[in-house]
Structure formats: C-alpha cells, structure tokens
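**Student:** Quick one: the structure is below, questions incoming.
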Amino acid sequence: MAVRQNQANLTAAQKRAFTDAVLELKRSGRYDDFVTTHNAFIMSDVDNGERVGHRSPSFLPWHRRFLLEFEQALQSVDATVMLPYWDWTRDRTASASLWGADFLGGDGRASDAQVTTGPFAFNSGRWAVNVRVDSRNYLRRQLGGGGRPLPTRAEVDSVLAMPVYDMAPWNSQSNGFRNHLEGWRGVNLHNRVHVWIGGQMGTGVSPNDPVFWLHHCFIDKLWADWQRLHPTSPYLPATGTPDVVDLRETMKPWNDITPAELLDHTSRYTYA
C-alpha cells in the first residue's frame with residue numbers, strides 16, 4: 001500500500017527524489033498546467049454561483065482528486081515518489097526543516113520576498129513563475145507575515161470534533177466541518193496557512209509554491225482523520241442542491257469522478 005509520510009520523517013534521498021520530480025514536471029511544462037487549473041477555479045468559485053473547488057462542500061474531494069492527479073504526474077517521473085504532508089501544528093516556524101535548502105528552500109528576502117535558497121529559488125535557473133497574477137516571475141514567501149501564527153493542535157481538534165460535514169447555505173458562510181477546515185469561519189485552518197506563508201500562496205496561483213502540495217496533503221489527512229472520528233457522518237449535500245456538487249455528481253474539470261468515489265482513500269494510499 002502506498003504511504004504518504006510526514007515530511008519531517010523523509011530521508012535526504014526521499015527529499016531529493018521529490019524535488020527532482022517536481023523540477024522535471026516544471027521543465028516539461030506540466031507543472032504550470034496545475035497552477036492554471038487551480039487559479040481558474042479560485043476565480044470562478046463564488047458564494048452565490050457555481051462553486052466546485054472552494055467555498056463549497058466539494059472543496060475536500062476536489063482537492064483530493066487534484067492531489068491524486070499531481071501525485072500520478074510525479075510518479076510518471078519517479079515511481080517511488082509519494083506526496084508528503086506538512087503538519088503545521090508541529091513544524092510551525094520559519095526554521096523548521098521543511099524550509100531547508102535541501103528541500104523547499106527558505107523565507108523570502110526582506111527587500112522583495114524573493115526566495116533565494118533551495119531548488120525552487122529563481123536564481124537556480126529552474127523555477128520561473130510563469131502563471132502569475134503580476135509581473136514578478138520569481139517565487140515569493142513572507143513566512144509569518146500574515147499577522148497570525150499557524151493553527152495549533154487544539155484548534156485542529158476543535159474542528160475535527162464537529163459532527164456535521166457541511167450545511168446550508170453550502171458556501172463560505174456554512175457552519176460545518178468543511179467550512180471550518182477550509183477556514184472561512186471559526187479558528188481558520190486551511191486559509192490561515194496560505195496567508196502565513198504569503199507570496200504566491202496568498203493568491204489563486206498558490207501551487208507555484210511547491211509547499212502547496214504538502215499543505216493540502218495535510219488538509220486531506222485531516223479530512224481522513226475526521227472520517228474515522230465520525231464514521232456515520234456522510235458527505236453533504238446528497239442530492240438536488242443548486243450550484244454545488246452533490247454526493248454523486250461529477251466534478252469539473254475532470255467530469256469523470258464524484259465525491260462518492262473519493263470518500264475512501266485507502267484503496268489509493270494511506271497516511272503514516
């Protein structure tokens with residue numbers, strides 16, 4: 001069974017295999033396709049209209065499918081690579097090993113937030129930001145610059161304790177597990193991490209920063225943890241809901257998979 005590990009437990013060889021595979025996807029142009037897809041759905045997902053990837057019940061299954069597609073792309077380069085996850089309740093400072101020069105590189109410099117260390121620094125010659133929201137073509141970070149610390153374990157546990165997956169109005173105002181995990185209400189988990197990292201992670205083109213995948217892998221793990229804690233709590237809504245993806249409706253842009261088909265991840269991977 002394929003296992004997704006905590007990035008803190010990766011060996012030096014596993015870190016190198018992951019970053020090398022990411023760099024190869026970038027070189028081939030395939031990486032930027034993922035950035036384009038994510039940005040398109042950030043822009044189109046709105047509270048009072050059709051919403052698929054964000055602000056909606058399908059936030060979690062949509063990103064689970066997105067992660068699977070990216071993981072499969074990595075494995076087309078190196079079959080040994082699995083997505084790692086970043087537990088930001090434990091590795092919660094800019095000095096954590098995650099940000100080492102041997103893995104994702106560090107914080108952006110004070111003058112322009114440009115990342116200058118690690119394999120994804122612009123000066124490495126291998127990581128130009130092509131799908132962007134402004135003229136800057138280099139990876140940027142401002143770790144901790146959002147004004148709030150990363151979420152704590154107690155905050156995570158408070159969200160995992162919520163028994164109902166989602167509820168009307170099925171958007172950023174909903175008072176259920178999905179929306180509190182996504183971060184539009186309550187203690188703010190997912191959204192707060194994007195803001196804490198800053199740079200491209202604070203925009204619709206957030207996958208330009210490879211930490212996107214490790215962050216969303218942890219969000220996916222938290223969904224799996226919630227499912228184990230609440231085995232009788234279903235994905236909602238079940239049927240007949242305008243503008244959102246019901247349990248057995250297909251999700252764009254793939255149009256070949258439903259939330260129901262993604263509820264059980266264990267046939268594809270497990271978490272260590």
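We name chains A, B, ... following the order of the structure tokens; residues begin at 1 in each chain, and ligands are numbered from 1 as shown.
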Contacts between segment 195-206 of chain A and segment 72-164 of chain A, please, where a residue of segment 72-164 of chain A counts if it comes within 10 Å (with only C-alpha atoms); show its shortest atom pair and distance in Å to one decimal, rows by chain and ascending number, as a tab-separated table.
**Tutor:**
```
residue	atom	partner	partner_atom	distance
A:Ala94	CA	A:Ile197	CA	9.3
A:Asp107	CA	A:Ile197	CA	8.6
A:Gly108	CA	A:Gly199	CA	8.4
A:Asp112	CA	A:Gly199	CA	9.8
A:Ala113	CA	A:Gly199	CA	7.2
A:Gln114	CA	A:Gly199	CA	8.6
A:Val115	CA	A:Gly199	CA	9.6
A:Val129	CA	A:Gln200	CA	9.4
A:Asn130	CA	A:Val205	CA	10.0
A:Val131	CA	A:Val205	CA	6.9
A:Arg132	CA	A:Val205	CA	6.3
A:Val133	CA	A:Val205	CA	7.3
A:Tyr138	CA	A:Gln200	CA	9.5
A:Leu139	CA	A:Gln200	CA	7.1
A:Arg140	CA	A:Gly199	CA	4.5
A:Arg141	CA	A:Gly199	CA	4.4
A:Gln142	CA	A:Gly198	CA	5.0
A:Leu143	CA	A:Ile197	CA	4.5
A:Gly144	CA	A:Trp196	CA	4.8
A:Gly145	CA	A:Trp196	CA	6.0
A:Gly146	CA	A:Trp196	CA	4.9
A:Gly147	CA	A:Trp196	CA	7.5
A:Arg148	CA	A:Trp196	CA	7.0
A:Pro149	CA	A:Trp196	CA	7.1
A:Leu150	CA	A:Trp196	CA	6.8
A:Pro151	CA	A:Trp196	CA	9.9
```
**Student:** I'd like the neighbourhood of segment 223-239 of chain A as a count of residues only, where a residue qualifies if any of its atoms comes within 9 Å (using only C-alpha atoms), though same-chain residues fewer than 3 positions away should be ignored.
**Tutor:** 31
**Student:** Would you mind telling me which residue in A:Asp102, A:Gly29, A:His38, A:Trp88 lies nearest to Thr11 of chain A when using only C-alpha atoms?
**Tutor:**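 Counting only C-alpha atoms, the residue closest to Thr11 of chain A is A:Asp102.
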**Student:** Taking only C-alpha atoms into account, name the residue in A:Asn137, A:Asn188, A:Ser174, A:Thr152 that is nearest to Asp91 of chain A.
**Tutor:**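 The answer is A:Thr152, which sits nearest to Asp91 of chain A.
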**Student:** Determine which residues of segment 205-256 of chain A receive a DSSP assignment of helix (DSSP H, G or I), computed from the backbone, and state them as number ranges by chain.
**Tutor:** A: 206-208, 211-229
**Student:** Create the file for the chosen residues now, containing N, CA, C and O atoms and written as a tab-separated table (two decimals), in the first residue's frame.
**Tutor:**
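Once everything was written out, this is again_21.tsv:
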```tsv
chain	number	residue	atom	x	y	z
A	206	SER	N	-1.45	29.80	-6.11
A	206	SER	CA	-0.69	29.26	-4.97
A	206	SER	C	0.12	28.01	-5.29
A	206	SER	O	1.18	27.81	-4.67
A	207	PRO	N	-0.28	27.13	-6.23
A	207	PRO	CA	0.58	25.98	-6.50
A	207	PRO	C	1.94	26.34	-7.08
A	207	PRO	O	2.80	25.44	-7.21
A	208	ASN	N	2.17	27.60	-7.44
A	208	ASN	CA	3.52	27.99	-7.84
A	208	ASN	C	4.53	27.71	-6.73
A	208	ASN	O	5.72	27.55	-7.01
A	211	VAL	N	5.14	24.11	-1.67
A	211	VAL	CA	4.59	23.81	-0.34
A	211	VAL	C	3.07	23.65	-0.41
A	211	VAL	O	2.46	23.04	0.48
A	212	PHE	N	2.45	24.17	-1.44
A	212	PHE	CA	1.01	23.99	-1.65
A	212	PHE	C	0.61	22.53	-1.50
A	212	PHE	O	-0.39	22.20	-0.85
A	213	TRP	N	1.38	21.64	-2.13
A	213	TRP	CA	1.03	20.22	-2.17
A	213	TRP	C	1.16	19.59	-0.79
A	213	TRP	O	0.34	18.75	-0.40
A	214	LEU	N	2.16	19.99	-0.02
A	214	LEU	CA	2.35	19.45	1.31
A	214	LEU	C	1.28	19.97	2.27
A	214	LEU	O	0.82	19.25	3.17
A	215	HIS	N	0.89	21.22	2.11
A	215	HIS	CA	-0.17	21.80	2.91
A	215	HIS	C	-1.49	21.08	2.62
A	215	HIS	O	-2.20	20.63	3.54
A	216	HIS	N	-1.83	20.93	1.35
A	216	HIS	CA	-3.10	20.30	1.01
A	216	HIS	C	-3.10	18.81	1.30
A	216	HIS	O	-4.17	18.23	1.56
A	217	CYS	N	-1.93	18.20	1.29
A	217	CYS	CA	-1.85	16.80	1.69
A	217	CYS	C	-2.23	16.66	3.17
A	217	CYS	O	-2.91	15.70	3.56
A	218	PHE	N	-1.82	17.61	4.00
A	218	PHE	CA	-2.21	17.58	5.41
A	218	PHE	C	-3.70	17.86	5.58
A	218	PHE	O	-4.37	17.23	6.41
A	219	ILE	N	-4.24	18.78	4.79
A	219	ILE	CA	-5.68	19.02	4.82
A	219	ILE	C	-6.43	17.74	4.46
A	219	ILE	O	-7.45	17.39	5.08
A	220	ASP	N	-5.93	17.03	3.46
A	220	ASP	CA	-6.55	15.76	3.07
A	220	ASP	C	-6.46	14.75	4.21
A	220	ASP	O	-7.42	14.00	4.48
A	221	LYS	N	-5.32	14.71	4.90
A	221	LYS	CA	-5.17	13.82	6.04
A	221	LYS	C	-6.16	14.18	7.15
A	221	LYS	O	-6.75	13.29	7.79
A	222	LEU	N	-6.37	15.47	7.39
A	222	LEU	CA	-7.32	15.88	8.42
A	222	LEU	C	-8.74	15.46	8.05
A	222	LEU	O	-9.53	15.09	8.93
A	223	TRP	N	-9.08	15.51	6.77
A	223	TRP	CA	-10.38	15.00	6.35
A	223	TRP	C	-10.48	13.51	6.64
A	223	TRP	O	-11.49	13.03	7.16
A	224	ALA	N	-9.42	12.77	6.33
A	224	ALA	CA	-9.41	11.33	6.63
A	224	ALA	C	-9.53	11.10	8.13
A	224	ALA	O	-10.24	10.17	8.57
A	225	ASP	N	-8.86	11.90	8.93
A	225	ASP	CA	-8.98	11.78	10.39
A	225	ASP	C	-10.41	12.04	10.84
A	225	ASP	O	-10.95	11.33	11.70
A	226	TRP	N	-11.06	13.06	10.27
A	226	TRP	CA	-12.45	13.36	10.61
A	226	TRP	C	-13.37	12.20	10.24
A	226	TRP	O	-14.28	11.85	11.00
A	227	GLN	N	-13.13	11.60	9.09
A	227	GLN	CA	-13.96	10.48	8.66
A	227	GLN	C	-13.87	9.32	9.64
A	227	GLN	O	-14.87	8.65	9.93
A	228	ARG	N	-12.68	9.07	10.17
A	228	ARG	CA	-12.53	8.00	11.15
A	228	ARG	C	-13.23	8.33	12.46
A	228	ARG	O	-13.77	7.45	13.13
A	229	LEU	N	-13.22	9.61	12.84
A	229	LEU	CA	-13.86	10.03	14.08
A	229	LEU	C	-15.38	10.04	13.98
A	229	LEU	O	-16.08	9.89	14.99
```
**Student:** Show which residues sit within 10 Å of Leu104 of chain A, as a list in words. Count only C-alpha atoms, and ignore same-chain residues fewer than 4 positions away.
**Tutor:**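 Surrounding residues, per the criterion: Lys15, Thr19, Ser97, Leu98, Trp99, Gly100, Val115, Thr117, Gly118, Pro119, Phe120, Ala121, Asp209, Pro210 and Val211 of chain A.
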**Student:** How would the residues just chosen look if you wrote them out with all heavy atoms as an mmCIF file, in the first residue's frame?
**Tutor:**
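out05.cif, freshly written:
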```cif
data_model
loop_
_atom_site.group_PDB
_atom_site.id
_atom_site.type_symbol
_atom_site.label_atom_id
_atom_site.label_comp_id
_atom_site.auth_asym_id
_atom_site.auth_seq_id
_atom_site.Cartn_x
_atom_site.Cartn_y
_atom_site.Cartn_z
ATOM 1 N N LYS A 15 13.696 13.304 0.023
ATOM 2 C CA LYS A 15 13.518 14.727 -0.265
ATOM 3 C C LYS A 15 14.021 15.054 -1.661
ATOM 4 O O LYS A 15 13.361 15.768 -2.430
ATOM 5 C CB LYS A 15 14.257 15.578 0.772
ATOM 6 C CG LYS A 15 13.662 15.581 2.153
ATOM 7 C CD LYS A 15 14.480 16.485 3.081
ATOM 8 C CE LYS A 15 13.910 16.518 4.474
ATOM 9 N NZ LYS A 15 14.704 17.402 5.379
ATOM 10 N N THR A 19 11.843 16.590 -4.852
ATOM 11 C CA THR A 19 12.143 17.871 -5.504
ATOM 12 C C THR A 19 12.594 17.663 -6.945
ATOM 13 O O THR A 19 12.246 18.468 -7.816
ATOM 14 C CB THR A 19 13.189 18.663 -4.716
ATOM 15 O OG1 THR A 19 14.398 17.893 -4.562
ATOM 16 C CG2 THR A 19 12.666 19.031 -3.328
ATOM 17 N N SER A 97 12.684 22.249 9.420
ATOM 18 C CA SER A 97 13.477 21.604 8.371
ATOM 19 C C SER A 97 12.803 21.662 7.009
ATOM 20 O O SER A 97 13.473 21.586 5.970
ATOM 21 C CB SER A 97 13.765 20.150 8.749
ATOM 22 O OG SER A 97 12.559 19.411 8.875
ATOM 23 N N LEU A 98 11.486 21.797 7.002
ATOM 24 C CA LEU A 98 10.729 21.952 5.752
ATOM 25 C C LEU A 98 11.340 23.025 4.861
ATOM 26 O O LEU A 98 11.387 22.889 3.631
ATOM 27 C CB LEU A 98 9.300 22.330 6.097
ATOM 28 C CG LEU A 98 8.329 22.696 4.981
ATOM 29 C CD1 LEU A 98 7.834 21.439 4.299
ATOM 30 C CD2 LEU A 98 7.153 23.490 5.535
ATOM 31 N N TRP A 99 11.794 24.103 5.498
ATOM 32 C CA TRP A 99 12.281 25.273 4.763
ATOM 33 C C TRP A 99 13.796 25.225 4.522
ATOM 34 O O TRP A 99 14.401 26.237 4.180
ATOM 35 C CB TRP A 99 11.909 26.549 5.519
ATOM 36 C CG TRP A 99 10.456 26.618 5.885
ATOM 37 C CD1 TRP A 99 9.922 26.566 7.138
ATOM 38 C CD2 TRP A 99 9.350 26.750 4.993
ATOM 39 N NE1 TRP A 99 8.546 26.646 7.089
ATOM 40 C CE2 TRP A 99 8.163 26.758 5.785
ATOM 41 C CE3 TRP A 99 9.223 26.851 3.607
ATOM 42 C CZ2 TRP A 99 6.888 26.871 5.228
ATOM 43 C CZ3 TRP A 99 7.951 26.955 3.057
ATOM 44 C CH2 TRP A 99 6.809 26.972 3.868
ATOM 45 N N GLY A 100 14.392 24.063 4.681
ATOM 46 C CA GLY A 100 15.824 23.933 4.459
ATOM 47 C C GLY A 100 16.201 24.029 2.992
ATOM 48 O O GLY A 100 15.393 23.774 2.095
ATOM 49 N N VAL A 115 12.453 34.172 -2.765
ATOM 50 C CA VAL A 115 13.130 33.012 -2.204
ATOM 51 C C VAL A 115 14.462 32.841 -2.926
ATOM 52 O O VAL A 115 14.501 32.755 -4.156
ATOM 53 C CB VAL A 115 12.261 31.751 -2.355
ATOM 54 C CG1 VAL A 115 13.020 30.499 -1.927
ATOM 55 C CG2 VAL A 115 10.978 31.899 -1.545
ATOM 56 N N THR A 117 17.024 30.560 -1.669
ATOM 57 C CA THR A 117 17.694 29.315 -1.306
ATOM 58 C C THR A 117 16.857 28.129 -1.755
ATOM 59 O O THR A 117 15.645 28.228 -1.925
ATOM 60 C CB THR A 117 17.913 29.230 0.218
ATOM 61 O OG1 THR A 117 16.641 29.288 0.882
ATOM 62 C CG2 THR A 117 18.791 30.376 0.705
ATOM 63 N N GLY A 118 17.523 26.999 -1.928
ATOM 64 C CA GLY A 118 16.825 25.780 -2.274
ATOM 65 C C GLY A 118 16.574 25.612 -3.752
ATOM 66 O O GLY A 118 16.859 26.507 -4.564
ATOM 67 N N PRO A 119 16.006 24.479 -4.151
ATOM 68 C CA PRO A 119 15.859 24.147 -5.570
ATOM 69 C C PRO A 119 14.839 24.990 -6.311
ATOM 70 O O PRO A 119 14.834 25.004 -7.552
ATOM 71 C CB PRO A 119 15.426 22.678 -5.544
ATOM 72 C CG PRO A 119 14.820 22.479 -4.196
ATOM 73 C CD PRO A 119 15.571 23.373 -3.276
ATOM 74 N N PHE A 120 13.974 25.723 -5.578
ATOM 75 C CA PHE A 120 12.926 26.492 -6.241
ATOM 76 C C PHE A 120 13.200 27.995 -6.246
ATOM 77 O O PHE A 120 12.332 28.786 -6.585
ATOM 78 C CB PHE A 120 11.573 26.177 -5.595
ATOM 79 C CG PHE A 120 11.298 24.702 -5.545
ATOM 80 C CD1 PHE A 120 11.310 24.024 -4.329
ATOM 81 C CD2 PHE A 120 11.084 23.980 -6.706
ATOM 82 C CE1 PHE A 120 11.089 22.653 -4.281
ATOM 83 C CE2 PHE A 120 10.869 22.609 -6.671
ATOM 84 C CZ PHE A 120 10.871 21.939 -5.452
ATOM 85 N N ALA A 121 14.420 28.353 -5.886
ATOM 86 C CA ALA A 121 14.833 29.751 -5.980
ATOM 87 C C ALA A 121 14.983 30.140 -7.447
ATOM 88 O O ALA A 121 15.440 29.341 -8.273
ATOM 89 C CB ALA A 121 16.151 29.958 -5.242
ATOM 90 N N ASP A 209 4.072 27.686 -5.477
ATOM 91 C CA ASP A 209 4.943 27.312 -4.366
ATOM 92 C C ASP A 209 4.722 25.832 -4.088
ATOM 93 O O ASP A 209 3.617 25.435 -3.706
ATOM 94 C CB ASP A 209 4.619 28.143 -3.122
ATOM 95 C CG ASP A 209 5.667 28.001 -2.038
ATOM 96 O OD1 ASP A 209 6.345 26.946 -1.995
ATOM 97 O OD2 ASP A 209 5.824 28.950 -1.238
ATOM 98 N N PRO A 210 5.740 24.993 -4.246
ATOM 99 C CA PRO A 210 5.535 23.557 -4.025
ATOM 100 C C PRO A 210 5.039 23.197 -2.627
ATOM 101 O O PRO A 210 4.510 22.093 -2.434
ATOM 102 C CB PRO A 210 6.924 22.963 -4.285
ATOM 103 C CG PRO A 210 7.533 23.906 -5.279
ATOM 104 C CD PRO A 210 7.065 25.269 -4.828
ATOM 105 N N VAL A 211 5.139 24.109 -1.669
ATOM 106 C CA VAL A 211 4.594 23.810 -0.345
ATOM 107 C C VAL A 211 3.070 23.652 -0.412
ATOM 108 O O VAL A 211 2.463 23.039 0.481
ATOM 109 C CB VAL A 211 4.995 24.896 0.682
ATOM 110 C CG1 VAL A 211 4.186 26.169 0.497
ATOM 111 C CG2 VAL A 211 4.851 24.369 2.113
#
```
**Student:** One decimal, Å: what's the distance from atom CA of Arg126 of chain A over to atom CA of Arg109 of chain A, could you say?
**Tutor:**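 Answer for the atom CA of Arg126 of chain A to atom CA of Arg109 of chain A separation: 18.7 Å.
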**Student:** Neighbours of segment 183-185 of chain A within 10 Å (only C-alpha atoms; same-chain residues fewer than 6 positions away dropped), as a VMD selection string?
**Tutor:** chain A and resid 55 171 to 177 191 to 193
**Student:** With distances taken over only C-alpha atoms, which of A:Asp87, A:Glu24, A:Glu69, A:Glu50 is nearest to Thr37 of chain A?
**Tutor:**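 Nearest candidate to Thr37 of chain A out of A:Asp87, A:Glu24, A:Glu69, A:Glu50: A:Glu69.
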**Student:** What is the atom CA of Asn6 of chain A to atom CA of Ser267 of chain A distance in Å?
**Tutor:**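 One can read the atom CA of Asn6 of chain A to atom CA of Ser267 of chain A distance as 19.4 Å.
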**Student:** So how far away is atom CA of Asn9 of chain A from atom CA of Leu23 of chain A, in Å?
**Tutor:** 21.3 Å
**Student:** I'd like the contact shell of Thr270 of chain A - 7 Å cut-off, only C-alpha atoms, skipping same-chain residues fewer than 4 positions apart - returned as a list in words.
**Tutor:**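 Neighbouring residues, sequence-local ones excluded: Ala2, Val3, Arg4 and Thr266 of chain A.
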**Student:** Looking at only C-alpha atoms, which of A:Asn255, A:Gly125, A:Trp86, A:Ala101 is the one that sits closest to Arg27 of chain A?
**Tutor:**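 Result for the nearest residue to Arg27 of chain A: A:Gly125.
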**Student:** Just the residues within 8 Å of Gln75 of chain A, please, counting only C-alpha atoms, with nothing from its chain fewer than 6 positions along; format it as a PyMOL selection string.
**Tutor:** chain A and resi 21+81-82
**Student:** Using only C-alpha atoms, which residue out of A:Arg268, A:Ile42, A:Phe103, A:Arg16 lies closest to Leu67 of chain A?
**Tutor:**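 The answer is A:Arg268, which sits nearest to Leu67 of chain A.
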**Student:** Give me every strand (DSSP E or B) residue in segment 36-269 of chain A, going by DSSP on the backbone, as a count of residues only.
**Tutor:** 5
**Student:** Which is closer to Gln72 of chain A than all the others in A:Val187, A:Val156, A:Leu25, A:Leu262, using only C-alpha atoms?
**Tutor:**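 Selected residue with least distance to Gln72 of chain A: A:Leu25.
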